[in-house]
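Q: File run_13.tsv follows (TSV, C-alpha atoms and all ligand atoms):
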```
chain	number	residue	atom	x	y	z
A	338	MET	CA	20.56	219.46	-99.55
A	339	ALA	CA	21.27	220.59	-103.11
A	340	GLN	CA	18.85	223.50	-103.46
A	341	PRO	CA	16.45	223.65	-100.53
A	342	ARG	CA	12.94	224.83	-101.27
A	343	VAL	CA	12.10	227.80	-99.08
A	344	LEU	CA	8.55	228.76	-98.16
A	345	VAL	CA	8.55	232.55	-97.81
A	346	LEU	CA	5.50	233.53	-95.76
A	347	PHE	CA	4.35	237.13	-95.33
A	348	GLY	CA	1.41	239.44	-94.68
A	349	GLY	CA	-0.70	238.16	-91.79
A	350	VAL	CA	-3.53	239.34	-89.57
A	351	SER	CA	-1.56	241.70	-87.33
A	352	SER	CA	-1.30	245.48	-87.62
A	353	GLU	CA	2.08	244.90	-89.27
A	354	HIS	CA	0.66	243.20	-92.39
A	355	SER	CA	2.03	245.75	-94.86
A	356	VAL	CA	5.43	245.93	-93.22
A	357	SER	CA	5.69	242.19	-93.64
A	358	CYS	CA	4.84	242.52	-97.36
A	359	LEU	CA	7.64	245.06	-97.76
A	360	THR	CA	10.03	242.74	-95.96
A	361	ALA	CA	9.07	239.91	-98.34
A	362	ALA	CA	9.80	242.14	-101.35
A	363	GLY	CA	13.22	242.96	-99.93
A	364	VAL	CA	14.08	239.36	-99.14
A	365	LEU	CA	13.01	238.10	-102.58
A	366	ALA	CA	15.26	240.63	-104.25
A	367	ALA	CA	18.22	239.42	-102.22
A	368	ILE	CA	17.83	235.67	-101.72
A	369	ASP	CA	20.41	233.76	-103.76
A	370	PRO	CA	18.56	231.91	-106.59
A	371	GLU	CA	21.54	229.60	-107.13
A	372	ARG	CA	21.31	228.38	-103.54
A	373	TYR	CA	17.57	228.30	-102.87
A	374	GLN	CA	14.30	227.69	-104.67
A	375	VAL	CA	11.60	229.97	-103.38
A	376	VAL	CA	7.84	229.56	-103.08
A	377	THR	CA	5.85	232.56	-101.89
A	378	VAL	CA	2.67	232.41	-99.85
A	379	GLY	CA	0.87	235.46	-98.49
A	380	ILE	CA	-1.52	235.55	-95.54
A	381	THR	CA	-4.39	237.96	-96.16
A	382	ALA	CA	-5.39	240.44	-93.47
A	383	ASP	CA	-8.26	238.09	-92.57
A	384	GLY	CA	-6.01	235.07	-92.25
A	385	HIS	CA	-6.26	233.15	-95.54
A	386	TRP	CA	-3.10	231.61	-96.93
A	387	THR	CA	-2.83	232.16	-100.67
A	388	PRO	CA	-0.08	231.75	-103.28
A	389	VAL	CA	1.29	235.07	-104.50
A	390	ASP	CA	3.59	235.07	-107.50
A	391	ARG	CA	7.09	236.42	-107.24
A	392	VAL	CA	6.51	239.40	-109.50
A	393	THR	CA	3.59	240.58	-107.35
A	394	VAL	CA	5.66	240.25	-104.20
A	395	GLN	CA	8.56	242.19	-105.67
A	396	ALA	CA	6.17	244.93	-106.75
A	397	TYR	CA	5.06	245.48	-103.11
A	398	GLY	CA	8.21	247.54	-102.72
A	399	SER	CA	7.08	250.09	-105.28
A	400	VAL	CA	3.32	250.43	-104.68
A	401	SER	CA	2.20	253.80	-103.42
A	402	GLY	CA	0.70	253.45	-99.95
A	403	LEU	CA	0.79	250.29	-97.90
A	404	PRO	CA	0.84	246.93	-99.75
A	405	GLN	CA	-1.71	244.21	-98.96
A	406	VAL	CA	-1.95	240.52	-99.83
A	407	ALA	CA	-4.88	240.23	-102.28
A	408	PRO	CA	-7.41	237.41	-101.77
A	409	GLY	CA	-6.87	234.30	-103.92
A	410	PRO	CA	-7.20	230.51	-103.88
A	411	GLU	CA	-6.28	228.77	-100.62
A	412	ALA	CA	-2.70	227.59	-100.14
A	413	LEU	CA	-2.47	224.42	-98.06
A	414	LEU	CA	0.54	223.19	-96.13
A	415	PHE	CA	0.38	219.58	-94.96
A	416	ARG	CA	2.36	216.46	-94.06
A	417	ASP	CA	2.92	214.27	-97.11
A	418	GLY	CA	4.68	211.10	-95.96
A	419	PRO	CA	8.14	212.06	-94.78
A	420	THR	CA	8.00	215.52	-96.34
A	421	VAL	CA	5.94	218.67	-96.02
A	422	ALA	CA	3.90	219.66	-99.05
A	423	LEU	CA	2.40	222.88	-100.28
A	424	ALA	CA	-0.51	222.96	-102.71
A	425	THR	CA	-3.18	225.29	-104.02
A	426	ARG	CA	-6.84	224.31	-103.65
A	427	ARG	CA	-9.04	225.13	-106.62
A	428	GLY	CA	-12.55	223.83	-105.95
A	429	ASP	CA	-12.01	220.21	-104.85
A	430	LYS	CA	-8.68	219.88	-106.71
A	431	LEU	CA	-5.17	220.37	-105.44
A	432	THR	CA	-2.74	221.93	-107.91
A	433	ASP	CA	0.86	223.13	-107.90
A	434	LEU	CA	1.86	220.40	-105.45
A	435	THR	CA	5.41	220.91	-104.26
A	436	SER	CA	7.49	219.90	-101.26
A	437	VAL	CA	9.07	222.49	-98.97
A	438	ASP	CA	12.22	222.09	-96.86
A	439	VAL	CA	12.26	225.16	-94.69
A	440	ALA	CA	9.96	228.06	-93.84
A	441	LEU	CA	10.97	231.69	-93.67
A	442	PRO	CA	8.10	233.33	-91.75
A	443	LEU	CA	8.59	237.04	-92.41
A	444	LEU	CA	5.65	237.84	-90.16
A	445	HIS	CA	5.50	240.49	-87.49
A	446	GLY	CA	3.31	240.68	-84.40
A	447	PRO	CA	0.49	238.44	-83.17
A	448	PHE	CA	-0.31	235.25	-85.13
A	449	GLY	CA	3.02	235.38	-86.93
A	450	GLU	CA	5.87	236.33	-84.64
A	451	ASP	CA	4.24	235.08	-81.45
A	452	GLY	CA	4.75	231.31	-81.59
A	453	THR	CA	1.45	230.38	-83.23
A	454	VAL	CA	2.81	229.89	-86.75
A	455	GLN	CA	5.96	228.43	-85.22
A	456	GLY	CA	3.76	225.86	-83.43
A	457	TRP	CA	2.19	224.88	-86.74
A	458	PHE	CA	5.64	224.32	-88.26
A	459	GLU	CA	6.63	222.24	-85.22
A	460	LEU	CA	3.56	220.05	-85.67
A	461	LEU	CA	4.39	219.60	-89.35
A	462	GLY	CA	8.06	218.88	-88.60
A	463	LEU	CA	9.07	221.72	-90.93
A	464	PRO	CA	12.28	223.57	-90.03
A	465	TYR	CA	11.80	227.33	-89.86
A	466	VAL	CA	13.87	230.46	-89.44
A	467	GLY	CA	13.80	232.26	-86.13
A	468	ALA	CA	12.78	231.76	-82.54
A	469	GLY	CA	10.84	228.73	-81.36
A	470	VAL	CA	7.35	228.68	-79.86
A	471	LEU	CA	8.18	229.72	-76.31
A	472	ALA	CA	10.71	232.45	-77.15
A	473	SER	CA	8.47	233.84	-79.89
A	474	ALA	CA	5.53	234.06	-77.49
A	475	ALA	CA	7.62	235.52	-74.67
A	476	CYS	CA	9.18	238.22	-76.86
A	477	THR	CA	5.91	239.24	-78.51
A	478	ASP	CA	4.29	239.85	-75.12
A	479	LYS	CA	5.93	242.93	-73.62
A	480	ILE	CA	4.68	242.10	-70.09
A	481	THR	CA	6.28	238.65	-70.22
A	482	THR	CA	9.51	239.86	-71.87
A	483	LYS	CA	10.07	242.36	-69.05
A	484	ARG	CA	9.29	239.76	-66.37
A	485	LEU	CA	11.74	237.25	-67.78
A	486	LEU	CA	14.49	239.81	-68.36
A	487	ALA	CA	14.09	241.18	-64.83
A	488	GLN	CA	14.18	237.67	-63.43
A	489	ALA	CA	17.46	237.07	-65.26
A	490	GLY	CA	18.86	240.18	-63.55
A	491	LEU	CA	18.80	242.28	-66.74
A	492	PRO	CA	17.83	245.95	-66.63
A	493	VAL	CA	14.27	246.89	-67.63
A	494	GLY	CA	12.31	250.01	-66.76
A	495	PRO	CA	9.41	250.03	-64.26
A	496	SER	CA	6.06	248.96	-65.71
A	497	VAL	CA	2.72	247.48	-64.75
A	498	GLY	CA	0.76	244.86	-66.65
A	499	LEU	CA	-3.02	245.30	-66.78
A	500	ASP	CA	-4.76	242.18	-67.93
A	501	ASP	CA	-8.30	242.19	-69.21
A	502	TRP	CA	-9.84	240.90	-65.98
A	503	ALA	CA	-8.00	243.40	-63.79
A	504	TRP	CA	-9.04	246.38	-65.94
A	505	ARG	CA	-12.69	245.35	-66.23
A	506	HIS	CA	-13.07	244.56	-62.54
A	507	ASP	CA	-11.14	247.27	-60.76
A	508	ARG	CA	-9.98	250.24	-62.81
A	509	GLU	CA	-9.18	252.28	-59.74
A	510	ALA	CA	-6.81	249.60	-58.45
A	511	CYS	CA	-5.16	249.49	-61.89
A	512	LEU	CA	-4.75	253.27	-61.95
A	513	ALA	CA	-3.37	253.20	-58.41
A	514	ARG	CA	-0.69	250.79	-59.62
A	515	VAL	CA	0.12	253.13	-62.51
A	516	ASP	CA	0.43	255.97	-59.99
A	517	GLN	CA	3.51	254.20	-58.64
A	518	LEU	CA	5.25	255.07	-61.93
A	519	ARG	CA	6.49	258.55	-62.80
A	520	PRO	CA	4.92	260.26	-65.85
A	521	PRO	CA	5.16	260.45	-68.80
A	522	TRP	CA	3.66	257.02	-69.21
A	523	PHE	CA	3.82	254.83	-72.29
A	524	VAL	CA	0.63	252.85	-72.66
A	525	LYS	CA	0.92	249.91	-75.05
A	526	PRO	CA	-0.87	246.81	-76.24
A	527	SER	CA	1.25	244.09	-74.63
A	528	ARG	CA	1.39	242.16	-77.91
A	529	GLY	CA	1.51	244.92	-80.48
A	530	GLY	CA	4.16	246.19	-82.82
A	531	SER	CA	5.01	249.04	-85.17
A	532	SER	CA	3.92	251.43	-82.40
A	533	VAL	CA	0.26	250.75	-83.22
A	534	GLY	CA	-2.02	251.52	-80.27
A	535	ILE	CA	0.78	253.15	-78.23
A	536	SER	CA	0.26	256.50	-76.49
A	537	ARG	CA	2.56	258.75	-74.55
A	538	VAL	CA	0.53	260.17	-71.66
A	539	GLU	CA	1.44	263.08	-69.43
A	540	GLN	CA	-1.79	263.73	-67.52
A	541	ARG	CA	-3.44	261.18	-65.27
A	542	GLU	CA	-6.87	262.06	-66.66
A	543	ASP	CA	-5.73	260.90	-70.12
A	544	LEU	CA	-4.71	257.44	-68.91
A	545	ALA	CA	-8.09	255.72	-69.24
A	546	ALA	CA	-8.49	256.82	-72.88
A	547	ALA	CA	-4.96	255.63	-73.70
A	548	ILE	CA	-5.66	252.28	-72.05
A	549	ALA	CA	-8.91	252.00	-74.02
A	550	GLU	CA	-6.97	252.70	-77.24
A	551	ALA	CA	-4.35	250.03	-76.41
A	552	ARG	CA	-7.19	247.60	-75.59
A	553	ARG	CA	-8.56	248.00	-79.11
A	554	TRP	CA	-5.49	245.96	-80.16
A	555	ASP	CA	-4.93	243.70	-77.19
A	556	PRO	CA	-6.85	243.05	-73.96
A	557	ARG	CA	-3.46	242.84	-72.25
A	558	VAL	CA	-2.00	246.29	-71.72
A	559	ILE	CA	1.34	247.41	-70.35
A	560	VAL	CA	1.94	250.85	-68.88
A	561	GLU	CA	5.58	251.84	-68.64
A	562	GLN	CA	7.34	254.66	-66.92
A	563	GLY	CA	8.65	256.81	-69.78
A	564	VAL	CA	12.40	256.99	-70.18
A	565	THR	CA	13.41	260.59	-70.76
A	566	GLY	CA	16.61	262.06	-72.10
A	567	ALA	CA	17.87	258.70	-73.35
A	568	ARG	CA	19.05	257.57	-76.78
A	569	GLU	CA	17.19	254.78	-78.58
A	570	ILE	CA	19.78	252.15	-79.44
A	571	GLU	CA	19.10	248.90	-81.31
A	572	CYS	CA	21.36	245.91	-81.71
A	573	GLY	CA	21.12	242.95	-84.10
A	574	VAL	CA	21.81	239.48	-82.75
A	575	LEU	CA	22.39	236.23	-84.62
A	576	ILE	CA	22.00	232.97	-82.75
A	577	ASP	CA	23.40	229.76	-84.20
A	578	ARG	CA	23.87	227.12	-81.56
A	579	ARG	CA	26.29	225.19	-83.79
A	580	LEU	CA	28.73	228.10	-83.65
A	581	GLY	CA	28.54	228.98	-79.96
A	582	PRO	CA	27.07	231.95	-78.09
A	583	PRO	CA	24.93	234.57	-79.89
A	584	THR	CA	26.80	237.33	-81.71
A	585	ALA	CA	25.82	240.99	-81.70
A	586	SER	CA	26.09	243.49	-84.54
A	587	LEU	CA	27.30	247.02	-84.09
A	588	PRO	CA	24.47	248.96	-82.44
A	589	GLY	CA	22.41	251.50	-84.38
A	590	GLU	CA	20.42	254.51	-83.26
A	591	ILE	CA	16.93	255.89	-83.88
A	592	LYS	CA	17.43	259.66	-83.81
A	593	LEU	CA	14.27	261.68	-83.56
A	594	ALA	CA	14.26	265.35	-84.51
A	595	GLN	CA	11.60	266.27	-81.91
A	596	ALA	CA	12.33	265.48	-78.29
A	597	ASP	CA	8.64	265.14	-77.37
A	598	ARG	CA	7.77	262.73	-80.19
A	599	PHE	CA	8.30	258.99	-80.00
A	600	TYR	CA	9.08	256.52	-82.77
A	601	ASP	CA	5.46	256.12	-83.82
A	602	PHE	CA	3.81	254.39	-86.80
A	603	GLY	CA	3.94	257.53	-88.95
A	604	LEU	CA	7.70	257.91	-88.52
A	605	LYS	CA	8.27	254.20	-89.01
A	606	TYR	CA	6.37	253.74	-92.25
A	607	LEU	CA	4.67	256.85	-93.58
A	608	SER	CA	7.30	259.55	-93.65
A	609	ALA	CA	10.88	259.24	-92.56
A	610	ASP	CA	11.05	263.04	-92.14
A	611	GLY	CA	11.99	263.67	-88.54
A	612	VAL	CA	13.88	260.44	-87.95
A	613	ASP	CA	17.39	259.26	-88.75
A	614	LEU	CA	18.36	255.60	-88.56
A	615	MET	CA	22.07	255.62	-87.82
A	616	ALA	CA	24.01	252.45	-88.61
A	617	PRO	CA	26.22	252.27	-86.68
A	618	ALA	CA	25.41	254.56	-83.75
A	619	ALA	CA	28.09	256.95	-82.56
A	620	LEU	CA	28.70	255.48	-79.11
A	621	GLU	CA	31.68	255.32	-76.81
A	622	PRO	CA	33.49	251.96	-77.20
A	623	ALA	CA	32.46	251.00	-73.65
A	624	GLN	CA	28.80	251.78	-74.43
A	625	THR	CA	28.95	249.70	-77.61
A	626	THR	CA	30.33	246.74	-75.69
A	627	ALA	CA	27.77	247.12	-72.91
A	628	VAL	CA	24.84	247.30	-75.37
A	629	GLN	CA	26.13	244.24	-77.25
A	630	GLU	CA	26.64	242.24	-74.06
A	631	LEU	CA	23.14	243.05	-72.85
A	632	ALA	CA	21.64	242.16	-76.22
A	633	VAL	CA	23.34	238.77	-76.15
A	634	ALA	CA	22.33	238.21	-72.52
A	635	ALA	CA	18.71	239.08	-73.35
A	636	CYS	CA	18.64	236.51	-76.18
A	637	LEU	CA	20.08	233.86	-73.87
A	638	ALA	CA	17.60	234.71	-71.10
A	639	LEU	CA	14.69	234.44	-73.54
A	640	ASP	CA	16.17	231.43	-75.38
A	641	VAL	CA	15.89	233.07	-78.80
A	642	GLU	CA	17.06	231.17	-81.88
A	643	GLY	CA	18.09	232.52	-85.28
A	644	LEU	CA	17.80	236.27	-85.03
A	645	ALA	CA	16.61	239.15	-82.88
A	646	ARG	CA	16.85	242.88	-82.62
A	647	VAL	CA	17.25	244.02	-79.04
A	648	ASP	CA	16.13	247.61	-78.47
A	649	SER	CA	17.38	249.64	-75.53
A	650	PHE	CA	17.40	253.12	-74.06
A	651	VAL	CA	20.90	254.41	-73.31
A	652	LYS	CA	21.71	257.36	-71.07
A	653	GLY	CA	25.46	257.58	-70.44
A	654	ALA	CA	26.49	254.34	-68.75
A	655	GLU	CA	22.88	253.46	-67.93
A	656	ILE	CA	21.07	251.04	-70.23
A	657	VAL	CA	17.57	249.58	-70.01
A	658	ILE	CA	16.19	247.04	-72.45
A	659	ASN	CA	12.92	248.11	-74.09
A	660	GLU	CA	11.99	245.11	-76.19
A	661	VAL	CA	13.22	242.09	-78.13
A	662	ASN	CA	11.92	241.56	-81.66
A	663	THR	CA	12.28	238.02	-82.97
A	664	MET	CA	11.33	239.05	-86.51
A	665	PRO	CA	12.63	242.60	-86.84
A	666	GLY	CA	11.93	244.77	-89.87
A	667	PHE	CA	13.93	243.07	-92.58
A	668	THR	CA	13.78	245.16	-95.75
A	669	ALA	CA	17.14	246.10	-97.26
A	670	ILE	CA	16.83	249.55	-95.66
A	671	SER	CA	15.68	248.28	-92.25
A	672	LEU	CA	18.05	248.73	-89.39
A	673	PHE	CA	18.59	245.01	-88.71
A	674	PRO	CA	20.14	244.17	-92.12
A	675	ARG	CA	21.96	247.50	-92.24
A	676	LEU	CA	23.55	246.83	-88.85
A	677	TRP	CA	24.76	243.47	-90.04
A	678	GLY	CA	25.96	245.13	-93.24
A	679	VAL	CA	28.23	247.46	-91.28
A	680	SER	CA	29.27	244.49	-89.14
A	681	GLY	CA	30.46	242.55	-92.21
A	682	VAL	CA	27.44	240.38	-93.13
A	683	SER	CA	25.71	241.35	-96.38
A	684	TYR	CA	21.92	241.13	-96.80
A	685	PRO	CA	22.05	238.02	-99.06
A	686	GLU	CA	24.55	236.36	-96.71
A	687	LEU	CA	22.34	237.16	-93.71
A	688	ILE	CA	19.38	235.41	-95.34
A	689	ALA	CA	21.57	232.43	-96.26
A	690	ARG	CA	22.94	232.13	-92.73
A	691	LEU	CA	19.45	232.15	-91.23
A	692	LEU	CA	18.17	229.52	-93.67
A	693	ASP	CA	21.19	227.27	-93.18
A	694	GLU	CA	20.89	227.53	-89.40
A	695	ALA	CA	17.19	226.64	-89.60
A	696	LEU	CA	17.91	223.66	-91.86
A	697	SER	CA	20.56	222.41	-89.43
A	698	ARG	CA	18.19	222.21	-86.45
A	699	PRO	CA	17.36	218.74	-85.29
A	700	PRO	CA	13.66	217.84	-85.39
A	701	GLY	CA	11.73	217.52	-82.11
A	702	LEU	CA	12.47	219.22	-78.82
A	703	ARG	CA	15.69	221.20	-78.91
B	801	LIG	N1	9.24	253.44	-71.71
B	801	LIG	C1	9.47	254.25	-72.75
B	801	LIG	N2	10.08	255.46	-72.60
B	801	LIG	C2	10.30	256.29	-73.63
B	801	LIG	N3	9.95	256.01	-74.90
B	801	LIG	C3	9.32	254.84	-75.13
B	801	LIG	C4	9.07	253.90	-74.08
B	801	LIG	N4	8.45	252.84	-74.62
B	801	LIG	C5	8.34	253.09	-75.93
B	801	LIG	N5	8.85	254.30	-76.26
B	801	LIG	C6	8.85	254.88	-77.62
B	801	LIG	O1	7.80	254.27	-78.36
B	801	LIG	C7	8.33	253.51	-79.47
B	801	LIG	C8	7.53	252.24	-79.67
B	801	LIG	O2	7.54	251.46	-78.50
B	801	LIG	P1	7.96	249.93	-78.51
B	801	LIG	O3	7.91	249.42	-77.12
B	801	LIG	O4	9.27	249.78	-79.20
B	801	LIG	O5	6.78	249.24	-79.34
B	801	LIG	P2	6.72	248.50	-80.75
B	801	LIG	O6	6.74	247.03	-80.41
B	801	LIG	O7	5.44	248.92	-81.32
B	801	LIG	O8	7.93	248.92	-81.55
B	801	LIG	C9	9.78	253.28	-79.10
B	801	LIG	O9	10.56	253.08	-80.26
B	801	LIG	C10	10.12	254.59	-78.37
B	801	LIG	O10	10.31	255.67	-79.29
B	802	MG	MG	9.89	248.97	-80.97
```
In structure tokens, how does this file's structure come out?
A:
Amino acid sequence: MAQPRVLVLFGGVSSEHSVSCLTAAGVLAAIDPERYQVVTVGITADGHWTPVDRVTVQAYGSVSGLPQVAPGPEALLFRDGPTVALATRRGDKLTDLTSVDVALPLLHGPFGEDGTVQGWFELLGLPYVGAGVLASAACTDKITTKRLLAQAGLPVGPSVGLDDWAWRHDREACLARVDQLRPPWFVKPSRGGSSVGISRVEQREDLAAAIAEARRWDPRVIVEQGVTGAREIECGVLIDRRLGPPTASLPGEIKLAQADRFYDFGLKYLSADGVDLMAPAALEPAQTTAVQELAVAACLALDVEGLARVDSFVKGAEIVINEVNTMPGFTAISLFPRLWGVSGVSYPELIARLLDEALSRPPGLR
């Protein structure tokens, strides 16, 4: 294909809307204009798809505060004979009709990274970057990720899943299950992201409030036994089935200045004071290899395609996997691209590899 037309999709209804906008700004600045034509569509925080011009997207990177997709005319994506078309609806007229060859969904969290948008692309027959429906759904849901990893014999920490029914019908039984885990506890929305809705709890009497907070974001809640004294290590993985098994980047590290703080939303996006993102992490060679092998094994167990960032806790020779992100933060200063940078794959090349892999996928069940 001479110059594939890429649909860059960003924003979305999840708590990670603004992060996704920043990712889109980073990707637009780096995508090779000689190789790809780009069309940009934002999803507003209430779920409307709307065209956003390139200049606006690139400016997201320099707005003060958190960028948002502004409301606008509806963008429509539909089957048009053998191709997939994108158009803008103005009243009862369709304008700016164009075909698209591949989608780059730069969406994080529910209704973006969780298989729903991926399912829409499958129905349209539109190739897309990243994990398929099942892997996207499994990796977004922390309860399911841990189940599948444990079943594959991979190390995960102890946790309990509290679904909506269980919590509403028998809180005491839920709390009794949590009592089996040592404090501190990490209480999380099972399908969250960017640390939104997560609490670190030390006292049993604070558990119910933390669960209520997590339930504001997701009726499925996971409570994990806190890992203490460990390093937070993250590893990039690229998966291209044409080339063989997944490949892992050098691992990186999230270094927090305060031992009792976790990597919360404020540290992630509001002020980087108090956190260092080390790329690569200073690890023993054996630790590096072990982290990389586990990251690859996790992607195979979860059947991830395209890309993932596998996050683990490392204490000496002991490693547990925390989570697998199928659309990790992807701005030029995010850890995922930086880790590939120090592993020999530049940011523009990374984007090109992902698009070319997506375009190479056969249609239908894979
Ligand atoms: N079991 C745990 N033990 C210790 N720290 C944790 C644990 N779970 C999460 N954290 C801390 O909370 C942060 C956010 O949790 P995480 O599961 O990665 O959620 P998110 O999907 O929002 O990134 C982690 O980066 C880490 O700092
Ligand atoms: Mg995380």
Q: Residues at most 7 Å from ligand LIG 801 (chain B), using only C-alpha atoms and all ligand atoms? Could they come as a tab-separated table (two decimals) with C-alpha atoms, in the frame of the given file?
A:
```tsv
chain	number	residue	atom	x	y	z
A	494	GLY	CA	12.31	250.01	-66.76
A	523	PHE	CA	3.82	254.83	-72.29
A	529	GLY	CA	1.51	244.92	-80.48
A	530	GLY	CA	4.16	246.19	-82.82
A	531	SER	CA	5.01	249.04	-85.17
A	532	SER	CA	3.92	251.43	-82.40
A	533	VAL	CA	0.26	250.75	-83.22
A	535	ILE	CA	0.78	253.15	-78.23
A	561	GLU	CA	5.58	251.84	-68.64
A	562	GLN	CA	7.34	254.66	-66.92
A	563	GLY	CA	8.65	256.81	-69.78
A	564	VAL	CA	12.40	256.99	-70.18
A	565	THR	CA	13.41	260.59	-70.76
A	569	GLU	CA	17.19	254.78	-78.58
A	599	PHE	CA	8.30	258.99	-80.00
A	600	TYR	CA	9.08	256.52	-82.77
A	601	ASP	CA	5.46	256.12	-83.82
A	659	ASN	CA	12.92	248.11	-74.09
A	660	GLU	CA	11.99	245.11	-76.19
```
Q: Please, which residues have at least one atom within 12 Å of an atom of ligand MG 802 (chain B), using all atoms listed in the file, listed as a PyMOL selection string?
A: chain A and resi 445-446+476-477+479+525-533+535+569-572+591+599-602+604-605+646-650+658-666+672
Q: Please measure the separation of CA of Met338 (chain A) and CA of Ala361 (chain A), giving the value in Å to one decimal.
A: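 Interatomic distance here is 23.5 Å.
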Q: Determine the nearest neighbour of Asp501 (chain A) from the options A:Ala472, A:Ile559, A:Leu365, A:Leu434, counting all atoms listed in the file.
A: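 For Asp501 (chain A), the nearest of the given residues is A:Ile559.
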Q: Kindly indicate which residue among A:Leu575, A:Gly452, A:Lys430, A:Tyr373 lies nearest to Ala645 (chain A), using all atoms listed in the file for the distances.
A: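 So, comparing all the options, the nearest one is A:Leu575.
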Q: Show me, as an MDAnalysis selection string, the residues that have an atom within 12 Å of Pro464 (chain A) when counting all atoms listed in the file, minus same-chain residues fewer than 3 positions from it.
A: chainID A and resid 341:344 420:421 437:442 454:461 467:469 643 691:701 703
Q: I need the residue nearest Thr625 (chain A) from this list: A:Val345, A:Val641, A:Val394, A:Val651. Use all atoms listed in the file for the distance.
A: A:Val651
Q: From the list A:Pro388, A:Gly581, A:Pro556, A:Pro495, which residue is nearest Glu642 (chain A) when using all atoms listed in the file?
A: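 Among the listed residues, A:Gly581 lies closest to Glu642 (chain A).
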Q: For Gly589 (chain A), which residue among A:Arg675, A:His385, A:Arg484, A:His506 is the nearest when counting only C-alpha atoms?
A: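 Once distances to Gly589 (chain A) are computed over only C-alpha atoms, the minimum belongs to A:Arg675.
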Q: Go through A:Ala635, A:Ala669, A:Ala627, A:Ile368 and flag the residue nearest Ile656 (chain A), using only C-alpha atoms for the distances.
A: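 Nearest to Ile656 (chain A): A:Ala627.
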Q: List every protein, DNA or RNA residue that has at least one atom no more than 12 Å from (10.4, 239.4, -65.9) in the file's coordinates, counting all atoms listed in the file, and write the result as JSON, numbers by chain.
A: {"A": [475, 476, 478, 479, 480, 481, 482, 483, 484, 485, 486, 487, 488, 489, 490, 491, 492, 493, 494, 495, 496, 497, 498, 635, 638, 639, 658, 660]}
